[in-house]
$ cat input12.pdb   # PDB, C-alpha atoms and all ligand atoms
ATOM      1  CA  MET A1350     -31.821   1.635   8.692
ATOM      2  CA  ARG A1351     -31.517  -1.707   6.864
ATOM      3  CA  PHE A1352     -28.142  -3.444   6.690
ATOM      4  CA  PHE A1353     -27.264  -5.944   3.950
ATOM      5  CA  THR A1354     -24.132  -8.001   3.468
ATOM      6  CA  GLU A1355     -25.615 -10.283   0.800
ATOM      7  CA  ILE A1356     -26.660  -9.443  -2.743
ATOM      8  CA  LYS A1357     -29.877 -11.473  -2.964
ATOM      9  CA  PRO A1358     -31.827  -9.873  -0.073
ATOM     10  CA  LEU A1359     -30.667  -6.425  -1.176
ATOM     11  CA  LYS A1360     -32.044  -7.060  -4.676
ATOM     12  CA  THR A1361     -35.390  -8.146  -3.182
ATOM     13  CA  TYR A1362     -35.474  -4.974  -1.056
ATOM     14  CA  VAL A1363     -34.684  -2.737  -4.062
ATOM     15  CA  ALA A1364     -37.407  -4.463  -6.130
ATOM     16  CA  GLU A1365     -39.956  -3.730  -3.354
ATOM     17  CA  GLN A1366     -38.930  -0.056  -3.249
ATOM     18  CA  LYS A1367     -39.204   0.205  -7.039
ATOM     19  CA  ARG A1368     -42.659  -1.390  -7.027
ATOM     20  CA  GLU A1369     -43.703   1.461  -4.727
ATOM     21  CA  GLY A1370     -42.404   3.918  -7.338
ATOM     22  CA  LYS A1371     -39.480   5.128  -5.204
ATOM     23  CA  ILE A1372     -36.495   6.908  -6.782
ATOM     24  CA  ILE A1373     -33.324   5.097  -5.681
ATOM     25  CA  GLY A1374     -30.217   7.183  -4.891
ATOM     26  CA  PHE A1375     -26.913   5.343  -4.491
ATOM     27  CA  VAL A1376     -23.660   6.453  -2.840
ATOM     28  CA  PRO A1377     -20.771   3.998  -3.377
ATOM     29  CA  THR A1378     -17.929   4.320  -0.848
ATOM     30  CA  MET A1379     -15.011   2.465   0.635
ATOM     31  CA  GLY A1380     -16.083   3.450   4.147
ATOM     32  CA  TYR A1381     -14.229   5.214   6.965
ATOM     33  CA  LEU A1382     -16.654   8.008   6.323
ATOM     34  CA  HIS A1383     -16.000  11.740   6.609
ATOM     35  CA  GLU A1384     -17.893  14.940   5.748
ATOM     36  CA  GLY A1385     -17.050  14.456   2.033
ATOM     37  CA  HIS A1386     -18.979  11.186   1.958
ATOM     38  CA  LEU A1387     -21.773  12.732   4.024
ATOM     39  CA  SER A1388     -22.103  15.605   1.531
ATOM     40  CA  LEU A1389     -22.812  12.947  -1.136
ATOM     41  CA  VAL A1390     -25.386  11.343   1.168
ATOM     42  CA  ARG A1391     -27.074  14.704   1.842
ATOM     43  CA  LYS A1392     -27.314  15.470  -1.875
ATOM     44  CA  ALA A1393     -28.737  11.977  -2.447
ATOM     45  CA  LYS A1394     -31.326  12.551   0.292
ATOM     46  CA  LEU A1395     -32.464  15.732  -1.483
ATOM     47  CA  GLN A1396     -32.827  14.071  -4.877
ATOM     48  CA  ALA A1397     -33.985  10.503  -4.133
ATOM     49  CA  ASP A1398     -36.742   8.827  -2.081
ATOM     50  CA  VAL A1399     -34.546   5.966  -0.895
ATOM     51  CA  VAL A1400     -30.808   6.318  -0.256
ATOM     52  CA  ILE A1401     -28.547   3.257  -0.350
ATOM     53  CA  VAL A1402     -24.865   3.553   0.633
ATOM     54  CA  SER A1403     -22.335   0.825  -0.122
ATOM     55  CA  ILE A1404     -19.217   0.260   1.951
ATOM     56  CA  PHE A1405     -16.733  -1.982   0.201
ATOM     57  CA  VAL A1406     -12.948  -1.762   0.090
ATOM     58  CA  ASN A1407     -12.608  -3.222  -3.382
ATOM     59  CA  PRO A1408      -9.470  -5.402  -3.610
ATOM     60  CA  LEU A1409      -9.616  -5.279  -7.413
ATOM     61  CA  GLN A1410      -8.706  -1.578  -7.581
ATOM     62  CA  PHE A1411      -5.587  -1.805  -5.405
ATOM     63  CA  GLY A1412      -2.157  -2.655  -6.814
ATOM     64  CA  PRO A1413      -0.005  -5.305  -5.089
ATOM     65  CA  ASN A1414       2.123  -2.663  -3.327
ATOM     66  CA  GLU A1415      -0.755  -0.376  -2.385
ATOM     67  CA  ASP A1416      -2.580   0.090   0.914
ATOM     68  CA  PHE A1417      -5.459  -2.422   0.622
ATOM     69  CA  ALA A1418      -4.543  -4.193   3.887
ATOM     70  CA  LYS A1419      -4.030  -1.026   5.915
ATOM     71  CA  TYR A1420      -6.917   0.981   4.388
ATOM     72  CA  PRO A1421      -8.866   2.324   7.426
ATOM     73  CA  ARG A1422     -12.058   0.465   8.313
ATOM     74  CA  ASP A1423     -14.641   1.102  11.067
ATOM     75  CA  ILE A1424     -18.044  -0.240  10.075
ATOM     76  CA  GLU A1425     -19.704   0.492  13.450
ATOM     77  CA  ARG A1426     -18.748   4.169  13.296
ATOM     78  CA  ASP A1427     -19.818   4.358   9.617
ATOM     79  CA  LEU A1428     -23.224   2.833  10.386
ATOM     80  CA  ALA A1429     -23.810   5.297  13.253
ATOM     81  CA  LEU A1430     -22.978   8.259  10.960
ATOM     82  CA  LEU A1431     -25.244   6.978   8.185
ATOM     83  CA  GLN A1432     -28.086   6.320  10.622
ATOM     84  CA  GLU A1433     -27.785   9.940  11.819
ATOM     85  CA  GLU A1434     -28.060  11.152   8.202
ATOM     86  CA  GLY A1435     -31.279   9.182   7.732
ATOM     87  CA  VAL A1436     -29.863   6.750   5.168
ATOM     88  CA  ASP A1437     -32.349   3.982   4.314
ATOM     89  CA  SER A1438     -29.992   1.084   3.641
ATOM     90  CA  VAL A1439     -26.348   0.111   3.760
ATOM     91  CA  PHE A1440     -24.762  -2.598   1.623
ATOM     92  CA  ALA A1441     -21.444  -3.885   2.998
ATOM     93  CA  PRO A1442     -20.563  -7.128   1.225
ATOM     94  CA  SER A1443     -17.481  -9.266   1.804
ATOM     95  CA  ALA A1444     -14.965  -9.692  -1.024
ATOM     96  CA  GLU A1445     -16.165 -13.321  -1.327
ATOM     97  CA  GLU A1446     -19.764 -12.167  -1.834
ATOM     98  CA  MET A1447     -18.736  -9.716  -4.593
ATOM     99  CA  TYR A1448     -16.178 -11.951  -6.280
ATOM    100  CA  LYS A1449     -17.537 -15.463  -6.112
ATOM    101  CA  GLU A1450     -15.292 -18.436  -6.815
ATOM    102  CA  GLY A1451     -14.323 -18.413 -10.496
ATOM    103  CA  PHE A1452     -14.996 -14.679 -11.046
ATOM    104  CA  SER A1453     -13.219 -13.629 -14.263
ATOM    105  CA  THR A1454     -15.198 -10.886 -16.026
ATOM    106  CA  PHE A1455     -13.895  -7.308 -16.087
ATOM    107  CA  VAL A1456     -15.051  -3.916 -17.347
ATOM    108  CA  GLU A1457     -12.423  -1.686 -18.894
ATOM    109  CA  VAL A1458     -12.894   1.848 -20.181
ATOM    110  CA  SER A1459     -10.095   2.253 -22.708
ATOM    111  CA  GLY A1460      -8.285   5.290 -24.101
ATOM    112  CA  GLU A1461      -6.368   8.245 -22.759
ATOM    113  CA  ILE A1462      -8.948   8.953 -20.056
ATOM    114  CA  THR A1463      -7.835   5.829 -18.125
ATOM    115  CA  GLU A1464      -4.185   5.863 -19.202
ATOM    116  CA  VAL A1465      -3.076   9.234 -17.812
ATOM    117  CA  MET A1466      -2.782  10.611 -14.264
ATOM    118  CA  CYS A1467      -3.919   8.012 -11.679
ATOM    119  CA  GLY A1468      -4.318   5.437 -14.491
ATOM    120  CA  LYS A1469      -0.592   5.753 -15.222
ATOM    121  CA  SER A1470       0.495   5.701 -11.561
ATOM    122  CA  ARG A1471      -1.906   2.922 -10.551
ATOM    123  CA  PRO A1472      -2.020   0.373 -13.410
ATOM    124  CA  GLY A1473      -5.265  -1.636 -13.335
ATOM    125  CA  HIS A1474      -6.877   0.739 -10.828
ATOM    126  CA  PHE A1475      -9.643   2.012 -13.107
ATOM    127  CA  LYS A1476     -10.354  -1.479 -14.459
ATOM    128  CA  GLY A1477     -11.021  -2.454 -10.828
ATOM    129  CA  VAL A1478     -13.163   0.638 -10.280
ATOM    130  CA  ALA A1479     -15.170   0.217 -13.525
ATOM    131  CA  THR A1480     -15.754  -3.476 -12.766
ATOM    132  CA  VAL A1481     -16.954  -2.974  -9.193
ATOM    133  CA  VAL A1482     -19.061   0.079 -10.067
ATOM    134  CA  THR A1483     -20.761  -1.867 -12.891
ATOM    135  CA  LYS A1484     -21.454  -4.724 -10.478
ATOM    136  CA  LEU A1485     -22.780  -2.334  -7.829
ATOM    137  CA  PHE A1486     -25.013  -0.608 -10.408
ATOM    138  CA  ASN A1487     -26.377  -4.007 -11.491
ATOM    139  CA  ILE A1488     -27.046  -5.009  -7.881
ATOM    140  CA  VAL A1489     -28.540  -1.710  -6.638
ATOM    141  CA  THR A1490     -30.085  -0.572  -9.970
ATOM    142  CA  PRO A1491     -30.097   3.069  -8.810
ATOM    143  CA  ASP A1492     -31.838   5.896 -10.649
ATOM    144  CA  LEU A1493     -29.158   8.301  -9.437
ATOM    145  CA  ALA A1494     -25.574   7.638  -8.298
ATOM    146  CA  PHE A1495     -23.438  10.229  -6.511
ATOM    147  CA  PHE A1496     -19.687  10.683  -6.961
ATOM    148  CA  GLY A1497     -17.254  13.268  -5.573
ATOM    149  CA  GLN A1498     -15.217  15.672  -7.721
ATOM    150  CA  LYS A1499     -12.207  14.972  -5.496
ATOM    151  CA  ASP A1500     -11.801  11.787  -7.549
ATOM    152  CA  ALA A1501     -12.385  13.701 -10.792
ATOM    153  CA  GLN A1502     -10.776  11.163 -13.116
ATOM    154  CA  GLN A1503     -12.911   8.402 -11.585
ATOM    155  CA  LEU A1504     -16.009  10.583 -12.032
ATOM    156  CA  PHE A1505     -15.276  11.261 -15.739
ATOM    157  CA  ILE A1506     -14.522   7.570 -16.366
ATOM    158  CA  ILE A1507     -17.789   6.488 -14.738
ATOM    159  CA  GLU A1508     -19.731   9.086 -16.729
ATOM    160  CA  LYS A1509     -18.139   7.635 -19.886
ATOM    161  CA  LEU A1510     -18.864   4.055 -18.773
ATOM    162  CA  VAL A1511     -22.531   4.958 -18.303
ATOM    163  CA  ARG A1512     -22.686   6.671 -21.726
ATOM    164  CA  ASP A1513     -20.767   3.981 -23.596
ATOM    165  CA  LEU A1514     -22.760   1.048 -22.168
ATOM    166  CA  ASN A1515     -26.142   2.849 -21.964
ATOM    167  CA  LEU A1516     -26.453   2.125 -18.252
ATOM    168  CA  ASN A1517     -29.768   3.253 -16.777
ATOM    169  CA  VAL A1518     -28.381   5.560 -14.132
ATOM    170  CA  GLU A1519     -27.824   9.290 -13.882
ATOM    171  CA  ILE A1520     -24.454  10.293 -12.434
ATOM    172  CA  VAL A1521     -24.556  13.272 -10.081
ATOM    173  CA  SER A1522     -21.242  14.958  -9.226
ATOM    174  CA  VAL A1523     -20.636  16.626  -5.885
ATOM    175  CA  PRO A1524     -18.024  19.365  -5.147
ATOM    176  CA  THR A1525     -14.982  18.550  -3.009
ATOM    177  CA  CYS A1526     -15.399  19.010   0.753
ATOM    178  CA  ARG A1527     -12.364  20.566   2.391
ATOM    179  CA  GLU A1528     -10.926  21.055   5.860
ATOM    180  CA  GLU A1529     -10.670  24.678   7.058
ATOM    181  CA  ASP A1530      -7.094  24.957   5.766
ATOM    182  CA  GLY A1531      -8.142  23.695   2.313
ATOM    183  CA  LEU A1532      -7.003  20.062   2.540
ATOM    184  CA  ALA A1533      -9.465  17.877   0.616
ATOM    185  CA  MET A1534     -11.145  15.417   2.969
ATOM    186  CA  SER A1535      -9.989  11.855   2.384
ATOM    187  CA  SER A1536      -9.983   8.664   4.410
ATOM    188  CA  ARG A1537      -6.244   8.523   3.719
ATOM    189  CA  ASN A1538      -5.674  11.784   5.653
ATOM    190  CA  THR A1539      -5.780   9.593   8.782
ATOM    191  CA  TYR A1540      -2.382   8.152   7.735
ATOM    192  CA  LEU A1541      -0.735  11.575   8.238
ATOM    193  CA  ASN A1542       1.178  12.433  11.406
ATOM    194  CA  PRO A1543       0.791  16.038  12.708
ATOM    195  CA  GLU A1544       3.816  17.309  10.777
ATOM    196  CA  GLU A1545       2.638  15.622   7.556
ATOM    197  CA  ARG A1546      -0.888  16.920   8.117
ATOM    198  CA  LYS A1547       0.471  20.493   8.051
ATOM    199  CA  ALA A1548       2.589  19.735   4.980
ATOM    200  CA  ALA A1549      -0.448  18.247   3.177
ATOM    201  CA  THR A1550      -1.941  21.742   2.683
ATOM    202  CA  ILE A1551       0.668  22.139  -0.086
ATOM    203  CA  LEU A1552      -1.759  20.431  -2.519
ATOM    204  CA  TYR A1553      -4.514  23.008  -2.006
ATOM    205  CA  ARG A1554      -2.055  25.904  -1.885
ATOM    206  CA  ALA A1555      -0.466  24.726  -5.151
ATOM    207  CA  LEU A1556      -3.887  24.524  -6.826
ATOM    208  CA  LYS A1557      -4.691  28.042  -5.568
ATOM    209  CA  ARG A1558      -1.364  29.288  -6.963
ATOM    210  CA  GLY A1559      -2.239  27.687 -10.303
ATOM    211  CA  GLU A1560      -5.682  29.255 -10.288
ATOM    212  CA  GLU A1561      -4.195  32.692  -9.573
ATOM    213  CA  LEU A1562      -1.867  32.347 -12.562
ATOM    214  CA  VAL A1563      -4.746  31.395 -14.835
ATOM    215  CA  LEU A1564      -6.772  34.347 -13.536
ATOM    216  CA  ALA A1565      -3.762  36.570 -14.291
ATOM    217  CA  GLY A1566      -3.866  35.350 -17.901
ATOM    218  CA  GLU A1567      -1.558  32.306 -18.079
ATOM    219  CA  ARG A1568      -2.727  30.042 -20.929
ATOM    220  CA  ASN A1569       0.342  27.851 -21.413
ATOM    221  CA  PRO A1570      -0.227  24.452 -19.707
ATOM    222  CA  GLU A1571       3.490  23.557 -19.541
ATOM    223  CA  ARG A1572       4.419  26.853 -17.854
ATOM    224  CA  LEU A1573       1.512  26.454 -15.429
ATOM    225  CA  LYS A1574       2.597  22.899 -14.573
ATOM    226  CA  LYS A1575       6.188  24.028 -14.027
ATOM    227  CA  VAL A1576       5.220  26.800 -11.571
ATOM    228  CA  ILE A1577       2.977  24.397  -9.632
ATOM    229  CA  GLU A1578       5.715  21.738  -9.512
ATOM    230  CA  GLU A1579       8.301  24.267  -8.275
ATOM    231  CA  PHE A1580       5.838  25.452  -5.628
ATOM    232  CA  ILE A1581       5.212  21.895  -4.360
ATOM    233  CA  LYS A1582       8.962  21.264  -4.227
ATOM    234  CA  THR A1583       9.287  23.995  -1.571
ATOM    235  CA  GLU A1584       7.635  21.537   0.869
ATOM    236  CA  PRO A1585      10.330  19.089   2.056
ATOM    237  CA  LEU A1586       7.824  16.349   3.007
ATOM    238  CA  ALA A1587       6.178  16.410  -0.436
ATOM    239  CA  ARG A1588       7.131  14.248  -3.417
ATOM    240  CA  ILE A1589       5.293  14.805  -6.704
ATOM    241  CA  ASP A1590       3.630  11.837  -8.410
ATOM    242  CA  TYR A1591       2.066  13.994 -11.112
ATOM    243  CA  VAL A1592       0.915  17.511 -11.926
ATOM    244  CA  GLU A1593      -1.368  17.621 -14.961
ATOM    245  CA  VAL A1594      -3.321  20.287 -16.831
ATOM    246  CA  ARG A1595      -5.852  18.604 -19.144
ATOM    247  CA  SER A1596      -9.197  19.037 -20.848
ATOM    248  CA  VAL A1597     -12.486  18.199 -19.084
ATOM    249  CA  PRO A1598     -14.021  15.648 -19.227
ATOM    250  CA  ASP A1599     -11.855  13.611 -21.629
ATOM    251  CA  LEU A1600      -8.473  14.449 -20.039
ATOM    252  CA  LYS A1601      -6.702  15.227 -23.317
ATOM    253  CA  ALA A1602      -3.388  17.118 -23.348
ATOM    254  CA  LEU A1603      -3.779  20.843 -24.122
ATOM    255  CA  ASP A1604      -1.640  23.096 -26.340
ATOM    256  CA  VAL A1605      -3.392  26.137 -24.958
ATOM    257  CA  ILE A1606      -5.634  26.430 -21.910
ATOM    258  CA  LYS A1607      -9.157  27.023 -23.195
ATOM    259  CA  GLY A1608     -12.706  26.131 -22.104
ATOM    260  CA  LYS A1609     -13.184  23.728 -19.208
ATOM    261  CA  PHE A1610      -9.994  22.181 -17.869
ATOM    262  CA  ILE A1611      -8.561  20.492 -14.808
ATOM    263  CA  ILE A1612      -5.441  21.083 -12.769
ATOM    264  CA  ALA A1613      -4.897  17.690 -11.122
ATOM    265  CA  LEU A1614      -2.283  16.663  -8.581
ATOM    266  CA  ALA A1615      -1.087  13.480  -6.917
ATOM    267  CA  VAL A1616       1.523  14.113  -4.250
ATOM    268  CA  TYR A1617       3.124  11.857  -1.666
ATOM    269  CA  ILE A1618       3.289  13.390   1.787
ATOM    270  CA  GLY A1619       5.716  11.030   3.485
ATOM    271  CA  SER A1620       4.421   7.649   2.326
ATOM    272  CA  THR A1621       0.794   8.793   1.902
ATOM    273  CA  ARG A1622      -0.369   9.483  -1.649
ATOM    274  CA  LEU A1623      -2.972  12.260  -1.806
ATOM    275  CA  ILE A1624      -4.871  13.600  -4.809
ATOM    276  CA  ASP A1625      -6.694  16.869  -5.407
ATOM    277  CA  ASN A1626      -7.832  19.020  -8.305
ATOM    278  CA  PHE A1627      -9.485  22.256  -9.400
ATOM    279  CA  ILE A1628     -11.856  22.237 -12.364
ATOM    280  CA  LEU A1629     -11.722  25.684 -13.972
ATOM    281  CA  GLU A1630     -13.100  27.387 -17.076
ATOM    282  CA  VAL A1631     -11.697  30.198 -19.241
ATOM    283  CA  ASP A1632     -12.901  31.814 -22.491
TER     284      ASP A1632
HETATM  285  N1  LIG B1701     -13.533  15.453   0.129
HETATM  286  C1  LIG B1701     -14.497  14.912  -0.596
HETATM  287  N2  LIG B1701     -15.496  15.680  -1.065
HETATM  288  C2  LIG B1701     -16.487  15.149  -1.833
HETATM  289  N3  LIG B1701     -16.563  13.843  -2.163
HETATM  290  C3  LIG B1701     -15.590  13.041  -1.703
HETATM  291  C4  LIG B1701     -14.510  13.526  -0.907
HETATM  292  N4  LIG B1701     -13.702  12.487  -0.609
HETATM  293  C5  LIG B1701     -14.232  11.409  -1.190
HETATM  294  N5  LIG B1701     -15.366  11.729  -1.851
HETATM  295  C6  LIG B1701     -16.199  10.842  -2.663
HETATM  296  O1  LIG B1701     -16.720   9.804  -1.884
HETATM  297  C7  LIG B1701     -16.865   8.636  -2.683
HETATM  298  C8  LIG B1701     -16.207   7.502  -1.988
HETATM  299  O2  LIG B1701     -14.819   7.738  -1.949
HETATM  300  P1  LIG B1701     -13.813   6.962  -1.019
HETATM  301  O3  LIG B1701     -14.563   6.075  -0.101
HETATM  302  O4  LIG B1701     -12.718   6.414  -1.822
HETATM  303  O5  LIG B1701     -13.294   8.136  -0.092
HETATM  304  P2  LIG B1701     -11.942   8.875   0.026
HETATM  305  O6  LIG B1701     -11.946   9.599   1.291
HETATM  306  O7  LIG B1701     -11.705   9.567  -1.276
HETATM  307  O8  LIG B1701     -10.908   7.752   0.183
HETATM  308  P3  LIG B1701      -9.439   7.749  -0.296
HETATM  309  O9  LIG B1701      -8.665   7.887   0.945
HETATM  310  O10 LIG B1701      -9.438   6.402  -0.946
HETATM  311  O11 LIG B1701      -9.187   8.850  -1.256
HETATM  312  C9  LIG B1701     -16.227   8.960  -4.040
HETATM  313  O12 LIG B1701     -17.248   9.330  -4.950
HETATM  314  C10 LIG B1701     -15.346  10.136  -3.705
HETATM  315  O13 LIG B1701     -15.107  10.983  -4.813
HETATM  316  C1  LIG B1702     -16.292   4.235  -6.458
HETATM  317  C2  LIG B1702     -15.638   3.309  -5.443
HETATM  318  C3  LIG B1702     -16.578   3.080  -4.273
HETATM  319  C4  LIG B1702     -15.418   1.964  -6.132
HETATM  320  O1  LIG B1702     -14.794   1.062  -5.280
HETATM  321  C5  LIG B1702     -14.278   3.874  -4.970
HETATM  322  O2  LIG B1702     -13.375   3.962  -6.006
HETATM  323  C6  LIG B1702     -14.408   5.158  -4.216
HETATM  324  O3  LIG B1702     -14.741   5.079  -3.038
HETATM  325  O4  LIG B1702     -14.176   6.241  -4.787
HETATM  326  N1  LIG B1703     -11.295   7.231  -3.906
HETATM  327  C1  LIG B1703     -10.664   6.338  -4.860
HETATM  328  C2  LIG B1703     -10.463   4.974  -4.323
HETATM  329  C3  LIG B1703      -9.029   4.543  -4.290
HETATM  330  O1  LIG B1703      -8.136   5.362  -4.072
HETATM  331  O2  LIG B1703      -8.790   3.346  -4.472
END

$ encode --input "input12.pdb" --output "structure tokens" --more "lines below"
Ligand SMILES: Nc1ncnc2c1ncn2[C@@H]1O[C@H](COP(=O)(O)OP(=O)(O)OP(=O)(O)O)[C@@H](O)[C@H]1O
Ligand SMILES: CC(C)(CO)[C@@H](O)C(=O)[O-]
Ligand code: BAL
Amino acid sequence: MRFFTEIKPLKTYVAEQKREGKIIGFVPTMGYLHEGHLSLVRKAKLQADVVIVSIFVNPLQFGPNEDFAKYPRDIERDLALLQEEGVDSVFAPSAEEMYKEGFSTFVEVSGEITEVMCGKSRPGHFKGVATVVTKLFNIVTPDLAFFGQKDAQQLFIIEKLVRDLNLNVEIVSVPTCREEDGLAMSSRNTYLNPEERKAATILYRALKRGEELVLAGERNPERLKKVIEEFIKTEPLARIDYVEVRSVPDLKALDVIKGKFIIALAVYIGSTRLIDNFILEVD
């Protein structure tokens, strides 16, 4: 497995692979890998000839009071896991390599899609994501790039970014990997103490409750939200950031639940903010 920390040699490597006619699959991550990330890697291995994984905790997408400094990092462990999966190359740049002295150009997807849900709770977050993802796409020039549905809003924004700017990459979405009790895998789960870990299943259970209501015929988004909120409030360690029921993929408010839609949650368990969602479809 090749390991790059600098942009220039990585670009040379990618150019060589392309000259040989290889299809490049790219999996962007922030590291501290778990089965969710590895499911993206496995899908990439099936669809591409060469798989490149990036590991970069992007300072630009964290707010001043967020967890950039304490975000878990373990590059040695990540490299061992990726080697086992048969990944071809890893790109793990420093912040200085990505944002050279004088850096001042940003990519911003505008409109409701970036203003609601995590965009509202984390101002500037998606500008940071869109900027780094555009840079990574320009560096890696992948044919295919793989993103998880756990970060559904991010996925829809990146799909829009690619459409709006005619980027030459196909976005492939991958279903959410869960622990046995339903908790969506996330690097941030490592922040939870044992009591909080148990409490964290409230997100999945709340989504299940919501799904049951929809299956039983509920079509009113406000009523659905209310039941889910009341359910989450039964968990003393949980504090709701948001519960949203919106259209897919443009995340518009709904008068009536119809077609493809998302139930999306962000909930603090203690001081750890977790997100999860179900994407559902009704007639
Ligand atoms: N449980 C999961 N199932 C499928 N894909 C996932 C899962 N968790 C993360 N991913 C995907 O992996 C990619 C990298 O995400 P990231 O490194 O931020 O991981 P994370 O575990 O979501 O971290 P965080 O703690 O920041 O939520 C993203 O495309 C993300 O959607
Ligand atoms: C897409 C991404 C790697 C950009 O930093 C990050 O937001 C993530 O890991 O989901
Ligand atoms: N998985 C999204 C990255 C973040 O929370 O910053």

$ closest_atom_pairs --input "input12.pdb" --of "chain A" --to "ligand LIG 1701 (chain B)" --cutoff "7 Å" --atoms "all atoms listed in the file" --output "JSON lines"
{"residue": "A:Pro1377", "atom": "CA", "partner": "B:LIG1701", "partner_atom": "C8", "distance": 5.9}
{"residue": "A:Thr1378", "atom": "CA", "partner": "B:LIG1701", "partner_atom": "C8", "distance": 3.8}
{"residue": "A:Met1379", "atom": "CA", "partner": "B:LIG1701", "partner_atom": "O3", "distance": 3.7}
{"residue": "A:Gly1380", "atom": "CA", "partner": "B:LIG1701", "partner_atom": "O3", "distance": 5.2}
{"residue": "A:Gly1385", "atom": "CA", "partner": "B:LIG1701", "partner_atom": "N2", "distance": 3.7}
{"residue": "A:His1386", "atom": "CA", "partner": "B:LIG1701", "partner_atom": "O1", "distance": 4.7}
{"residue": "A:Ser1388", "atom": "CA", "partner": "B:LIG1701", "partner_atom": "C2", "distance": 6.6}
{"residue": "A:Leu1389", "atom": "CA", "partner": "B:LIG1701", "partner_atom": "N3", "distance": 6.4}
{"residue": "A:Phe1495", "atom": "CA", "partner": "B:LIG1701", "partner_atom": "O12", "distance": 6.4}
{"residue": "A:Phe1496", "atom": "CA", "partner": "B:LIG1701", "partner_atom": "O12", "distance": 3.4}
{"residue": "A:Gly1497", "atom": "CA", "partner": "B:LIG1701", "partner_atom": "O13", "distance": 3.2}
{"residue": "A:Gln1498", "atom": "CA", "partner": "B:LIG1701", "partner_atom": "O13", "distance": 5.5}
{"residue": "A:Lys1499", "atom": "CA", "partner": "B:LIG1701", "partner_atom": "O13", "distance": 5.0}
{"residue": "A:Asp1500", "atom": "CA", "partner": "B:LIG1701", "partner_atom": "O13", "distance": 4.4}
{"residue": "A:Val1523", "atom": "CA", "partner": "B:LIG1701", "partner_atom": "C2", "distance": 6.0}
{"residue": "A:Pro1524", "atom": "CA", "partner": "B:LIG1701", "partner_atom": "C2", "distance": 5.6}
{"residue": "A:Thr1525", "atom": "CA", "partner": "B:LIG1701", "partner_atom": "N2", "distance": 3.5}
{"residue": "A:Cys1526", "atom": "CA", "partner": "B:LIG1701", "partner_atom": "N2", "distance": 3.8}
{"residue": "A:Arg1527", "atom": "CA", "partner": "B:LIG1701", "partner_atom": "N1", "distance": 5.7}
{"residue": "A:Ala1533", "atom": "CA", "partner": "B:LIG1701", "partner_atom": "N1", "distance": 4.8}
{"residue": "A:Met1534", "atom": "CA", "partner": "B:LIG1701", "partner_atom": "N1", "distance": 3.7}
{"residue": "A:Ser1535", "atom": "CA", "partner": "B:LIG1701", "partner_atom": "O6", "distance": 3.2}
{"residue": "A:Ser1536", "atom": "CA", "partner": "B:LIG1701", "partner_atom": "O9", "distance": 3.8}
{"residue": "A:Arg1537", "atom": "CA", "partner": "B:LIG1701", "partner_atom": "O9", "distance": 3.7}
{"residue": "A:Asn1538", "atom": "CA", "partner": "B:LIG1701", "partner_atom": "O9", "distance": 6.8}

$ residues_around --input "input12.pdb" --residues "Ser1453 (chain A)" --least-positions-apart "6" --cutoff "12 Å" --atoms "all atoms listed in the file" --output "list of chain:residue names"
A:Leu1409, A:Met1447, A:Gly1477, A:Thr1480

$ closest_residue --input "input12.pdb" --among "A:Ala1548, A:Leu1600, A:Leu1387, A:Ala1613" --to "Arg1588 (chain A)" --atoms "only C-alpha atoms"
A:Ala1548

$ resolve_selection --input "input12.pdb" --expression "the PyMOL selection byres (((chain A and resi 1569) around 8) and not hetatm)" --output "VMD selection string"
chain A and resid 1567 to 1568 1570 to 1573 1604 to 1606

$ closest_residue --input "input12.pdb" --among "A:Glu1545, A:Glu1630, A:Asp1599, A:Glu1508" --to "ligand LIG 1702 (chain B)" --atoms "all atoms listed in the file"
A:Glu1508

$ axis_aligned_box --input "input12.pdb" --around "ligand LIG 1702 (chain B)" --padding-each-side "4 Å" --output "AutoDock Vina command-line options"
--center_x -15.0 --center_y 3.7 --center_z -4.7 --size_x 11.2 --size_y 13.2 --size_z 11.4

$ resolve_selection --input "input12.pdb" --expression "the PyMOL selection byres (((chain A and resi 1360) around 12) and not hetatm)" --output "ChimeraX atom specification"
/A:1353-1359,1361-1367,1401,1438,1440,1485-1491

$ residues_around --input "input12.pdb" --residues "Leu1614 (chain A)" --least-positions-apart "2" --cutoff "9 Å" --atoms "all atoms listed in the file" --output "VMD selection string"
chain A and resid 1466 1552 1555 to 1556 1589 to 1593 1612 1616 1623 to 1626

$ atom_distance --input "input12.pdb" --atom1 "atom C5 of ligand LIG 1702 (chain B)" --atom2 "CA of Lys1557 (chain A)"
26.0 Å
